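Q: Got a file for you: entry.cif, mmCIF, C-alpha atoms.
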```cif
data_coords
#
loop_
_atom_site.label_atom_id
_atom_site.label_comp_id
_atom_site.auth_asym_id
_atom_site.auth_seq_id
_atom_site.Cartn_x
_atom_site.Cartn_y
_atom_site.Cartn_z
CA MET A 4 22.45 -21.20 -0.31
CA ARG A 5 22.38 -21.05 3.48
CA PHE A 6 21.46 -17.83 5.34
CA LEU A 7 21.69 -16.82 9.01
CA LEU A 8 19.43 -13.95 10.16
CA CYS A 9 20.33 -12.22 13.41
CA GLY A 10 20.74 -8.91 15.27
CA GLN A 11 18.62 -6.66 17.46
CA GLY A 12 15.77 -4.44 16.39
CA THR A 13 12.63 -4.80 14.31
CA SER A 14 12.66 -8.58 14.13
CA GLU A 15 9.44 -8.66 12.08
CA ILE A 16 11.56 -7.62 9.10
CA LEU A 17 13.60 -10.79 9.51
CA TRP A 18 10.45 -12.95 9.75
CA SER A 19 9.54 -11.95 6.21
CA ILE A 20 13.06 -12.26 4.82
CA GLN A 21 13.46 -15.73 6.31
CA ALA A 22 10.17 -17.03 4.91
CA ALA A 23 10.92 -15.56 1.47
CA LEU A 24 14.38 -17.20 1.45
CA VAL A 25 12.77 -20.55 2.25
CA ASP A 26 10.23 -20.07 -0.55
CA LEU A 27 13.14 -19.30 -2.91
CA GLY A 28 14.56 -22.73 -2.12
CA HIS A 29 17.29 -21.67 0.33
CA GLU A 30 18.08 -22.87 3.84
CA SER A 31 17.52 -20.20 6.46
CA VAL A 32 17.43 -19.68 10.23
CA LEU A 33 16.31 -16.89 12.55
CA ALA A 34 18.96 -16.88 15.30
CA LEU A 35 17.11 -14.53 17.66
CA PRO A 36 17.53 -13.27 20.35
CA ASP A 37 21.10 -14.60 20.35
CA ILE A 38 23.20 -17.03 18.34
CA SER A 39 23.64 -20.54 19.76
CA GLN A 40 26.59 -22.77 18.95
CA ASP A 41 24.56 -25.48 17.21
CA VAL A 42 23.19 -22.91 14.74
CA ILE A 43 26.59 -21.78 13.45
CA ASP A 44 28.55 -25.05 13.38
CA ARG A 45 28.08 -25.43 9.62
CA ARG A 46 28.71 -23.73 6.30
CA ILE A 47 26.83 -20.43 6.02
CA ASP A 48 26.94 -18.35 2.86
CA ALA A 49 25.59 -15.02 4.09
CA LEU A 50 24.19 -13.23 7.14
CA PHE A 51 21.33 -10.71 7.27
CA VAL A 52 21.89 -8.55 10.37
CA LEU A 53 19.94 -5.80 12.11
CA ASN A 54 21.99 -3.13 13.96
CA LEU A 55 25.29 -4.71 12.95
CA PHE A 56 27.28 -1.64 13.97
CA GLU A 57 26.10 -1.88 17.57
CA ILE A 58 28.00 -5.19 17.78
CA PRO A 59 31.73 -4.82 18.59
CA ARG A 60 33.84 -5.34 15.49
CA PRO A 61 35.94 -8.12 17.08
CA THR A 62 32.72 -10.08 17.77
CA VAL A 63 31.68 -9.83 14.12
CA GLU A 64 35.15 -10.89 13.00
CA MET A 65 35.17 -13.86 15.40
CA LEU A 66 31.78 -15.00 14.09
CA ARG A 67 33.01 -14.87 10.48
CA ASP A 68 36.19 -16.73 11.40
CA HIS A 69 34.21 -19.44 13.19
CA ILE A 70 31.85 -19.97 10.26
CA ALA A 71 34.81 -19.98 7.85
CA GLN A 72 35.98 -23.24 9.45
CA PHE A 73 33.05 -24.97 7.72
CA GLY A 74 33.54 -23.43 4.27
CA THR A 75 34.37 -19.82 3.46
CA PRO A 76 33.80 -16.59 5.43
CA PRO A 77 30.18 -15.50 4.90
CA ALA A 78 29.09 -12.27 3.27
CA ILE A 79 27.21 -9.94 5.63
CA VAL A 80 24.18 -7.84 4.69
CA HIS A 81 23.41 -5.08 7.19
CA VAL A 82 19.76 -3.97 6.95
CA CYS A 83 19.75 -0.17 7.43
CA LEU A 84 16.98 1.08 9.71
CA LYS A 85 18.65 4.50 10.00
CA HIS A 86 20.70 6.65 7.66
CA PRO A 87 23.94 4.74 6.82
CA LEU A 88 26.09 7.53 8.26
CA GLU A 89 24.22 7.29 11.57
CA GLU A 90 24.45 3.50 11.50
CA ILE A 91 28.26 3.54 11.44
CA GLY A 92 28.53 6.47 13.88
CA ALA A 93 30.98 8.44 11.72
CA VAL A 94 31.31 12.23 12.00
CA ASN A 95 34.34 12.86 9.75
CA VAL A 96 36.03 11.63 6.60
CA GLU A 97 38.62 9.55 8.48
CA GLN A 98 35.93 7.61 10.37
CA ILE A 99 34.02 6.97 7.15
CA ARG A 100 37.17 5.65 5.47
CA ASP A 101 37.89 3.43 8.46
CA ALA A 102 34.35 2.01 8.45
CA ASP A 103 34.40 1.51 4.68
CA ARG A 104 37.76 -0.27 4.87
CA TRP A 105 36.47 -2.56 7.65
CA MET A 106 33.34 -3.34 5.65
CA ALA A 107 35.40 -4.26 2.59
CA GLU A 108 37.76 -6.46 4.61
CA ASN A 109 34.83 -8.31 6.20
CA ASP A 110 32.58 -8.47 3.14
CA VAL A 111 29.88 -6.27 4.71
CA SER A 112 27.27 -4.57 2.52
CA MET A 113 24.58 -2.13 3.64
CA TRP A 114 21.06 -2.59 2.28
CA CYS A 115 19.41 0.84 2.39
CA MET A 116 15.66 1.05 1.76
CA CYS A 117 15.83 4.75 0.79
CA GLN A 118 17.39 5.75 -2.53
CA GLY A 119 18.16 9.30 -1.42
CA SER A 120 19.93 8.16 1.75
CA ALA A 121 21.88 5.52 -0.17
CA GLU A 122 23.08 8.08 -2.71
CA GLN A 123 23.98 10.47 0.10
CA ALA A 124 26.06 7.73 1.78
CA VAL A 125 27.89 6.79 -1.42
CA ARG A 126 28.66 10.46 -2.07
CA LEU A 127 30.23 10.61 1.40
CA GLY A 128 32.51 7.65 0.67
CA LEU A 129 30.62 4.54 1.83
CA SER A 130 31.27 2.38 -1.21
CA ARG A 131 29.39 -0.70 0.00
CA VAL A 132 25.92 0.84 0.35
CA PHE A 133 23.26 -0.18 -2.16
CA HIS A 134 19.57 0.60 -2.54
CA GLU A 135 16.72 -1.85 -2.86
CA PRO A 136 13.27 -1.30 -1.38
CA LEU A 137 12.14 -3.37 1.54
CA GLY A 138 9.46 -5.78 0.40
CA VAL A 139 6.60 -7.91 1.63
CA HIS A 140 5.90 -11.61 1.96
CA ARG A 141 2.57 -13.21 2.82
CA TRP A 142 3.93 -15.91 5.09
CA ILE A 143 5.93 -16.69 8.20
CA CYS A 144 7.57 -20.11 8.49
CA THR A 145 7.63 -22.40 11.52
CA ALA A 146 8.57 -26.02 12.08
CA PRO A 147 7.66 -28.53 14.82
CA ALA A 148 10.05 -28.78 17.77
CA ALA A 149 11.08 -32.05 19.40
CA ASP A 150 8.85 -31.36 22.40
CA GLY A 151 5.78 -30.82 20.25
CA SER A 152 5.88 -27.01 20.37
CA VAL A 153 6.52 -24.76 17.38
CA ASP A 154 9.91 -23.33 16.39
CA LEU A 155 10.15 -19.89 14.83
CA TYR A 156 13.69 -19.18 15.96
CA LYS A 157 16.94 -21.19 15.95
CA ARG A 158 15.66 -23.83 13.57
CA TRP A 159 17.20 -24.26 10.13
CA MET A 160 14.38 -24.49 7.59
CA THR A 161 14.17 -25.42 3.93
CA PRO A 162 11.18 -26.00 1.65
CA ASP A 163 11.31 -29.75 2.45
CA THR A 164 11.75 -29.45 6.24
CA PRO A 165 9.41 -32.08 7.79
CA GLY A 166 6.35 -30.39 9.22
CA LEU A 167 7.24 -26.95 7.78
CA CYS A 168 4.22 -24.69 8.14
CA ARG A 169 3.52 -21.37 6.45
CA HIS A 170 1.37 -19.05 8.54
CA PRO A 171 -0.30 -15.94 7.09
CA TYR A 172 1.75 -12.99 8.29
CA ALA A 173 -1.45 -11.19 9.23
CA ALA A 174 -2.32 -13.98 11.68
CA MET A 175 0.68 -13.12 13.88
CA LYS A 176 -0.66 -11.16 16.84
CA GLY A 177 1.23 -9.10 19.37
CA GLN A 178 0.22 -7.72 22.74
CA PHE A 179 -3.57 -7.83 23.19
CA ASP A 180 -5.38 -4.78 24.49
CA ALA A 181 -9.15 -4.92 24.01
CA ASP A 182 -9.66 -1.23 24.81
CA ALA A 183 -6.94 -0.09 22.41
CA GLU A 184 -8.18 -2.29 19.59
CA SER A 185 -11.81 -1.26 20.01
CA SER A 186 -10.81 2.42 19.97
CA VAL A 187 -9.20 1.91 16.55
CA ARG A 188 -12.00 -0.06 14.88
CA ASP A 189 -13.65 1.81 11.99
CA ARG A 190 -11.57 4.92 12.66
CA VAL A 191 -8.70 6.51 10.77
CA LEU A 192 -5.53 5.38 12.55
CA TYR A 193 -2.10 6.96 12.79
CA LEU A 194 0.48 5.20 14.93
CA GLY A 195 3.80 7.06 15.27
CA GLN A 196 5.81 9.77 16.99
CA GLY A 197 4.92 13.44 16.89
CA TRP A 198 7.95 15.34 18.16
CA PRO A 199 11.03 13.04 18.27
CA GLU A 200 12.87 13.99 21.47
CA HIS A 201 15.82 11.74 20.59
CA LEU A 202 16.90 13.99 17.72
CA GLU A 203 17.93 16.86 19.97
CA ALA A 204 18.75 15.08 23.25
CA GLY A 205 22.31 15.92 24.33
CA ARG A 206 23.21 17.61 21.05
CA GLU A 207 24.24 21.13 20.14
CA PRO A 208 21.62 23.13 18.19
CA VAL A 209 21.96 23.03 14.41
CA ALA A 210 23.32 26.25 12.91
CA PRO A 211 20.66 28.61 11.49
CA SER A 212 22.28 28.44 8.03
CA ILE A 213 21.86 24.65 7.95
CA GLN A 214 18.28 24.96 9.18
CA ARG A 215 17.58 27.29 6.26
CA ASP A 216 19.17 24.79 3.84
CA ALA A 217 17.00 21.99 5.26
CA GLN A 218 13.85 24.12 4.96
CA ALA A 219 14.69 24.91 1.33
CA VAL A 220 15.14 21.22 0.50
CA ALA A 221 11.92 20.32 2.34
CA ALA A 222 10.04 22.98 0.37
CA ALA A 223 11.46 21.66 -2.92
CA MET A 224 10.37 18.10 -2.09
CA THR A 225 6.91 19.24 -1.00
CA GLU A 226 6.48 21.14 -4.26
CA ARG A 227 7.81 18.21 -6.34
CA PRO A 228 6.91 15.02 -4.46
CA ALA A 229 8.80 12.68 -6.80
CA LEU A 230 12.17 14.14 -5.74
CA HIS A 231 14.26 12.33 -3.17
CA ARG A 232 16.65 14.09 -0.81
CA VAL A 233 19.83 14.18 -2.92
CA GLN A 234 17.98 15.34 -6.03
CA ALA A 235 16.39 18.17 -4.06
CA MET A 236 19.70 19.07 -2.38
CA ASP A 237 21.41 19.36 -5.74
CA ARG A 238 18.56 21.55 -7.08
CA CYS A 239 19.08 23.82 -4.06
CA GLY A 240 22.81 24.18 -4.80
CA LEU A 241 24.02 22.04 -1.88
CA ALA A 242 26.04 19.42 -3.79
CA ASP A 243 29.41 20.67 -2.52
CA ARG A 244 28.37 20.96 1.12
CA SER A 245 26.77 17.51 1.06
CA ALA A 246 30.24 15.94 0.75
CA ASP A 247 31.02 17.02 4.35
CA PRO A 248 29.99 14.32 6.90
CA ALA A 249 29.57 16.71 9.84
CA TRP A 250 27.47 19.09 7.75
CA THR A 251 25.38 16.16 6.48
CA LEU A 252 24.61 14.87 9.97
CA ASP A 253 23.44 18.31 11.07
CA PHE A 254 21.51 18.78 7.83
CA ASN A 255 19.73 15.45 8.28
CA ARG A 256 18.65 16.37 11.82
CA ALA A 257 17.29 19.71 10.65
CA PHE A 258 15.70 18.13 7.59
CA THR A 259 13.83 15.57 9.70
CA ILE A 260 12.21 18.42 11.63
CA ALA A 261 11.57 20.59 8.56
CA PHE A 262 10.18 17.76 6.44
CA ALA A 263 8.95 14.64 8.28
CA VAL A 264 7.94 16.23 11.59
CA GLU A 265 6.32 19.25 9.93
CA ASN A 266 4.28 16.97 7.65
CA ARG A 267 3.11 14.95 10.64
CA ARG A 268 2.12 18.13 12.48
CA ARG A 269 0.16 19.69 9.64
CA PHE A 270 -1.69 16.57 8.55
CA ALA A 271 -2.47 15.32 12.06
CA THR A 272 -3.74 18.78 13.06
CA ALA A 273 -5.96 19.00 9.97
CA LEU A 274 -7.37 15.49 10.48
CA ARG A 275 -8.13 16.04 14.15
CA ARG A 276 -9.95 19.23 13.18
CA GLY A 277 -11.74 17.63 10.22
CA LEU A 278 -12.52 14.13 11.55
CA GLY A 279 -12.70 14.76 15.29
CA GLU A 280 -12.86 11.52 17.26
CA GLY A 281 -12.94 9.60 14.00
CA PHE A 282 -9.17 10.14 13.91
CA SER A 283 -7.33 7.79 16.29
CA LEU A 284 -3.83 9.12 17.04
CA TRP A 285 -1.22 7.12 18.98
CA GLY A 286 2.37 7.87 19.98
CA ASN A 287 4.53 10.25 22.01
CA GLY A 288 5.39 13.89 21.37
CA TRP A 289 1.98 15.00 20.06
CA GLU A 290 1.26 17.19 23.08
CA ARG A 291 3.88 19.61 21.73
CA PHE A 292 1.44 20.35 18.91
CA GLY A 293 -1.59 20.54 21.18
CA LEU A 294 -2.89 17.15 20.04
CA LYS A 295 -4.21 14.47 22.36
CA ALA A 296 -2.86 11.00 21.53
CA GLY A 297 -3.04 7.50 22.93
CA PRO A 298 0.08 6.14 24.66
CA VAL A 299 2.98 4.44 22.90
CA SER A 300 1.78 0.86 22.44
CA PRO A 301 2.10 -1.99 19.92
CA ALA A 302 -1.49 -3.05 20.62
CA PRO A 303 -3.21 -0.99 17.87
CA ARG A 304 -1.21 -2.90 15.25
CA ASN A 305 -3.47 -5.89 15.83
CA ALA A 306 -6.36 -3.71 14.66
CA TYR A 307 -4.82 -2.53 11.37
CA PRO A 308 -7.33 -4.62 9.35
CA ASP A 309 -10.26 -3.20 11.36
CA ALA A 310 -9.35 0.48 11.01
CA ALA A 311 -11.15 2.55 8.39
CA ALA A 312 -7.68 3.49 7.11
CA CYS A 313 -4.08 3.33 8.36
CA LEU A 314 -2.15 6.52 7.73
CA ASP A 315 1.42 7.33 6.77
CA PHE A 316 2.80 10.88 6.83
CA GLY A 317 6.40 9.83 6.12
CA SER A 318 9.36 8.24 7.88
CA LEU A 319 11.51 10.10 10.40
CA ALA A 320 14.62 8.35 9.09
CA PHE A 321 14.04 8.37 5.33
CA ASP A 322 12.25 10.16 2.52
CA THR A 323 10.71 7.02 1.05
CA ALA A 324 7.12 5.85 1.28
CA ILE A 325 8.29 2.23 1.62
CA PHE A 326 9.61 1.58 5.11
CA PRO A 327 8.93 -0.87 7.97
CA ARG A 328 5.74 0.64 9.41
CA THR A 329 4.02 0.99 6.04
CA LEU A 330 4.93 -2.56 5.11
CA GLU A 331 3.65 -3.82 8.48
CA ILE A 332 0.28 -2.28 7.63
CA VAL A 333 0.28 -4.06 4.27
CA LYS A 334 1.36 -7.42 5.70
CA ARG A 335 -1.38 -7.20 8.35
CA ASN A 336 -3.99 -6.45 5.66
CA GLY A 337 -4.63 -2.83 6.63
CA LEU A 338 -5.86 -0.20 4.18
CA LEU A 339 -2.84 2.09 3.79
CA VAL A 340 -3.41 5.76 2.92
CA SER A 341 -0.38 8.02 2.48
CA TRP A 342 0.83 11.52 1.86
CA ARG A 343 2.06 11.60 -1.75
CA HIS A 344 5.86 11.76 -1.82
CA ALA A 345 8.88 9.83 -3.11
CA ASP A 346 8.07 6.20 -4.00
CA THR A 347 4.29 6.37 -3.52
CA GLY A 348 3.88 5.43 -7.18
CA ARG A 349 5.86 2.27 -6.58
CA LEU A 350 4.02 1.54 -3.34
CA PHE A 351 0.47 2.14 -4.62
CA GLY A 352 0.57 1.49 -8.36
CA GLN A 353 -2.80 2.18 -10.01
CA THR A 354 -4.41 3.00 -6.65
CA GLU A 355 -2.07 5.95 -6.00
CA ASP A 356 -4.59 8.65 -6.97
CA ARG A 357 -7.26 7.05 -4.77
CA LEU A 358 -5.14 6.29 -1.69
CA THR A 359 -2.75 9.25 -1.45
CA PHE A 360 -3.21 12.95 -0.73
CA ALA A 361 -1.16 16.08 -1.40
CA GLU A 362 -2.46 18.72 1.00
CA GLU A 363 -4.38 18.91 4.26
CA ASP A 364 -7.78 19.46 2.62
CA ASP A 365 -7.15 16.50 0.30
CA ALA A 366 -6.40 14.31 3.31
CA VAL A 367 -9.56 15.27 5.16
CA SER A 368 -11.88 14.83 2.15
CA LEU A 369 -10.32 11.52 1.07
CA LEU A 370 -10.43 9.98 4.54
CA ALA A 371 -13.89 11.31 5.35
CA ALA A 372 -15.21 9.65 2.19
CA LEU A 373 -13.46 6.36 2.94
CA SER A 374 -14.76 6.36 6.52
CA VAL A 375 -18.40 6.12 5.40
CA ASP A 376 -17.99 3.75 2.44
CA ALA A 377 -17.06 0.21 3.53
CA ASP A 378 -17.53 -1.23 0.04
CA ARG A 379 -15.09 1.27 -1.47
CA ARG A 380 -12.57 0.53 1.29
CA ALA A 381 -12.82 -3.21 0.59
CA ARG A 382 -12.26 -2.75 -3.15
CA LEU A 383 -9.29 -0.45 -2.68
CA ARG A 384 -7.75 -2.66 0.00
CA SER A 385 -7.95 -5.70 -2.27
CA ALA A 386 -6.47 -3.85 -5.26
CA HIS A 387 -3.66 -2.29 -3.24
CA LEU A 388 -2.67 -5.50 -1.44
CA GLU A 389 -2.59 -7.37 -4.75
CA HIS A 390 -0.30 -4.68 -6.18
CA CYS A 391 2.04 -4.67 -3.16
CA PHE A 392 2.51 -8.41 -2.95
CA ASP A 393 3.41 -8.37 -6.65
CA ALA A 394 5.44 -5.16 -7.11
CA LEU A 395 7.23 -5.41 -3.73
CA ALA A 396 7.55 -9.18 -3.47
CA LEU A 397 10.58 -10.14 -1.37
CA THR A 398 11.00 -13.21 -3.54
CA ALA A 399 11.85 -10.81 -6.40
CA ILE A 400 13.86 -8.31 -4.33
CA LEU A 401 16.05 -10.74 -2.37
CA PRO A 402 17.87 -12.23 -5.39
CA ARG A 403 19.04 -8.70 -6.24
CA VAL A 404 20.10 -8.10 -2.62
CA ILE A 405 22.01 -11.41 -2.57
CA GLY A 406 23.62 -10.44 -5.87
CA HIS A 407 24.88 -7.18 -4.33
CA ALA A 408 26.19 -8.94 -1.22
CA CYS A 409 27.77 -11.99 -2.83
CA ARG A 410 29.30 -10.38 -5.90
#
```
In structure tokens, what does this structure look like?
A:
Amino acid sequence: MRFLLCGQGTSEILWSIQAALVDLGHESVLALPDISQDVIDRRIDALFVLNLFEIPRPTVEMLRDHIAQFGTPPAIVHVCLKHPLEEIGAVNVEQIRDADRWMAENDVSMWCMCQGSAEQAVRLGLSRVFHEPLGVHRWICTAPAADGSVDLYKRWMTPDTPGLCRHPYAAMKGQFDADAESSVRDRVLYLGQGWPEHLEAGREPVAPSIQRDAQAVAAAMTERPALHRVQAMDRCGLADRSADPAWTLDFNRAFTIAFAVENRRRFATALRRGLGEGFSLWGNGWERFGLKAGPVSPAPRNAYPDAAACLDFGSLAFDTAIFPRTLEIVKRNGLLVSWRHADTGRLFGQTEDRLTFAEEDDAVSLLAALSVDADRRARLRSAHLEHCFDALALTAILPRVIGHACR
């Protein structure tokens, strides 16, 4: 099959998907940052797109019609980086029905990495949402260009492309900052937002009753980490209200604060107190909690393999342990350590008990021990990476995704 990968956003996700498609025997191209004519003048079976719903619908329809001239209209897989309801921008039932109808007419499916969010979206009437975890791939593919340089983008590649080269994903480096990278080395690293200003900017406050509902669901998920959002909502008696799109959007905002942001606050505060300068914290919004943090920067990502441990306290968008930042740590050979919640069993396998924590004291004791034992870190890193590249292999996940999209 032939696949076009395009869109705006976290393009590193597409690097891995493209290389995995090539290793599965398909023909694939990364059409970033825009789509050139020579790339699309051929039969294309399916598109993987980031931020599809930020593209005007007529533009998407014109692209499908153009490609259809060379075969049939392609299926489109939208990779959800936010909750599906937020992706389509719907606030009521009519808008959801309109979006769902447009998706059906244009063969658009939404790949959601979070099972709870996917179930929430289906319950609200988005019939073309499906759940599969994001996965990992060890390689990135390039091919030689006519001028002797290397092509990563806008070059159709197959397993037998002349000069095709597979680069270790971990060898891909971003912005270099010697000071930032040295400040991370041999320390416990957390790279992410503290207080997310974008959640409240320009919006009316969430009603106190919805805040209480969100706090109840957050408490249920903290007490029983294996629960995802919909399971916990149903246990809290919110099944009926969760069928209302406007209520759901407000609930999700309040839940992000009550669950993801609160977990970041409590764990980061405990680790700064317990590890002192051995805890390297980066990102915006931490001053709200009285925590000093390095500036927003991609530079520390280069140092993931050199950190004593790379932390995850949970995603702002989802209640899954498997999301882009955690997988970036894995693909760059970092030692991932996580708060124990939904999906950590799948993410960590047999290392879950040794690389996850439940409470603040657990986090401090686990990370303090890892910080002074390089041999233990090396053994756990090796075991965890081996598990991830097996259990979350994109070469196993993508055939299921393609099956959903091209049914």
Q: Decode the PyMOL selection byres ((chain A and resi 316-325) around 7) for the given file into explicit residues and return them as a ChimeraX atom specification.
A: /A:85-86,117,120,136-137,231-232,259,263,266-267,314-315,326,329-330,341-342,344-347,350
Q: I'd like to see the residues matched by the PyMOL selection byres ((chain A and resi 334) around 12) on this file, and ideally I'd get them as a PyMOL selection string.
A: chain A and resi 15-16+18-19+138-143+170-176+304-305+307-308+327-333+335-339+384+387-389+391-392+395-397
Q: Go ahead and dump the residues you just picked, C-alpha atoms, as an mmCIF file, in the frame of the given file.
A:
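Output (part_11.cif):
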```
data_model
loop_
_atom_site.group_PDB
_atom_site.id
_atom_site.type_symbol
_atom_site.label_atom_id
_atom_site.label_comp_id
_atom_site.auth_asym_id
_atom_site.auth_seq_id
_atom_site.Cartn_x
_atom_site.Cartn_y
_atom_site.Cartn_z
ATOM 1 C CA GLU A 15 9.440 -8.660 12.080
ATOM 2 C CA ILE A 16 11.560 -7.620 9.100
ATOM 3 C CA TRP A 18 10.450 -12.950 9.750
ATOM 4 C CA SER A 19 9.540 -11.950 6.210
ATOM 5 C CA GLY A 138 9.460 -5.780 0.400
ATOM 6 C CA VAL A 139 6.600 -7.910 1.630
ATOM 7 C CA HIS A 140 5.900 -11.610 1.960
ATOM 8 C CA ARG A 141 2.570 -13.210 2.820
ATOM 9 C CA TRP A 142 3.930 -15.910 5.090
ATOM 10 C CA ILE A 143 5.930 -16.690 8.200
ATOM 11 C CA HIS A 170 1.370 -19.050 8.540
ATOM 12 C CA PRO A 171 -0.300 -15.940 7.090
ATOM 13 C CA TYR A 172 1.750 -12.990 8.290
ATOM 14 C CA ALA A 173 -1.450 -11.190 9.230
ATOM 15 C CA ALA A 174 -2.320 -13.980 11.680
ATOM 16 C CA MET A 175 0.680 -13.120 13.880
ATOM 17 C CA LYS A 176 -0.660 -11.160 16.840
ATOM 18 C CA ARG A 304 -1.210 -2.900 15.250
ATOM 19 C CA ASN A 305 -3.470 -5.890 15.830
ATOM 20 C CA TYR A 307 -4.820 -2.530 11.370
ATOM 21 C CA PRO A 308 -7.330 -4.620 9.350
ATOM 22 C CA PRO A 327 8.930 -0.870 7.970
ATOM 23 C CA ARG A 328 5.740 0.640 9.410
ATOM 24 C CA THR A 329 4.020 0.990 6.040
ATOM 25 C CA LEU A 330 4.930 -2.560 5.110
ATOM 26 C CA GLU A 331 3.650 -3.820 8.480
ATOM 27 C CA ILE A 332 0.280 -2.280 7.630
ATOM 28 C CA VAL A 333 0.280 -4.060 4.270
ATOM 29 C CA ARG A 335 -1.380 -7.200 8.350
ATOM 30 C CA ASN A 336 -3.990 -6.450 5.660
ATOM 31 C CA GLY A 337 -4.630 -2.830 6.630
ATOM 32 C CA LEU A 338 -5.860 -0.200 4.180
ATOM 33 C CA LEU A 339 -2.840 2.090 3.790
ATOM 34 C CA ARG A 384 -7.750 -2.660 0.000
ATOM 35 C CA HIS A 387 -3.660 -2.290 -3.240
ATOM 36 C CA LEU A 388 -2.670 -5.500 -1.440
ATOM 37 C CA GLU A 389 -2.590 -7.370 -4.750
ATOM 38 C CA CYS A 391 2.040 -4.670 -3.160
ATOM 39 C CA PHE A 392 2.510 -8.410 -2.950
ATOM 40 C CA LEU A 395 7.230 -5.410 -3.730
ATOM 41 C CA ALA A 396 7.550 -9.180 -3.470
ATOM 42 C CA LEU A 397 10.580 -10.140 -1.370
#
```
Q: What separation in Å, quoted to one decimal, exists between atom CA of Thr398 of chain A and atom CA of Phe133 of chain A?
A: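 These two atoms are separated by 17.9 Å.
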Q: Give me the residues near Thr161 of chain A as a ChimeraX atom specification, where near means some atom within 9 Å (using only C-alpha atoms) and where sequence neighbours in that chain fewer than 3 positions away do not count.
A: /A:24-26,28-31,164,167
Q: For the selection you just gave me, I'd like the residues written to a file as a PDB file, in the coordinates of the input, keeping C-alpha atoms.
A:
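So out_7.pdb came out as:
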```pdb
ATOM      1  CA  LEU A  24      14.380 -17.200   1.450  1.00  0.00           C
ATOM      2  CA  VAL A  25      12.770 -20.550   2.250  1.00  0.00           C
ATOM      3  CA  ASP A  26      10.230 -20.070  -0.550  1.00  0.00           C
ATOM      4  CA  GLY A  28      14.560 -22.730  -2.120  1.00  0.00           C
ATOM      5  CA  HIS A  29      17.290 -21.670   0.330  1.00  0.00           C
ATOM      6  CA  GLU A  30      18.080 -22.870   3.840  1.00  0.00           C
ATOM      7  CA  SER A  31      17.520 -20.200   6.460  1.00  0.00           C
ATOM      8  CA  THR A 164      11.750 -29.450   6.240  1.00  0.00           C
ATOM      9  CA  LEU A 167       7.240 -26.950   7.780  1.00  0.00           C
TER      10      LEU A 167
END
```
Q: Can you turn the PyMOL selection byres ((chain A and resi 108) around 12) into a concrete residue list for this file, as a PyMOL selection string?
A: chain A and resi 60+63-64+67+76-79+101-107+109-112+131
Q: Report the distance between atom CA of Asp253 of chain A and atom CA of Val52 of chain A in Å, rounded to one decimal place.
A: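 Those two atoms sit 26.9 Å apart.
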Q: Just the number, please: distance in Å from atom CA of Gly288 of chain A to atom CA of Phe254 of chain A, one decimal.
A: 21.6 Å
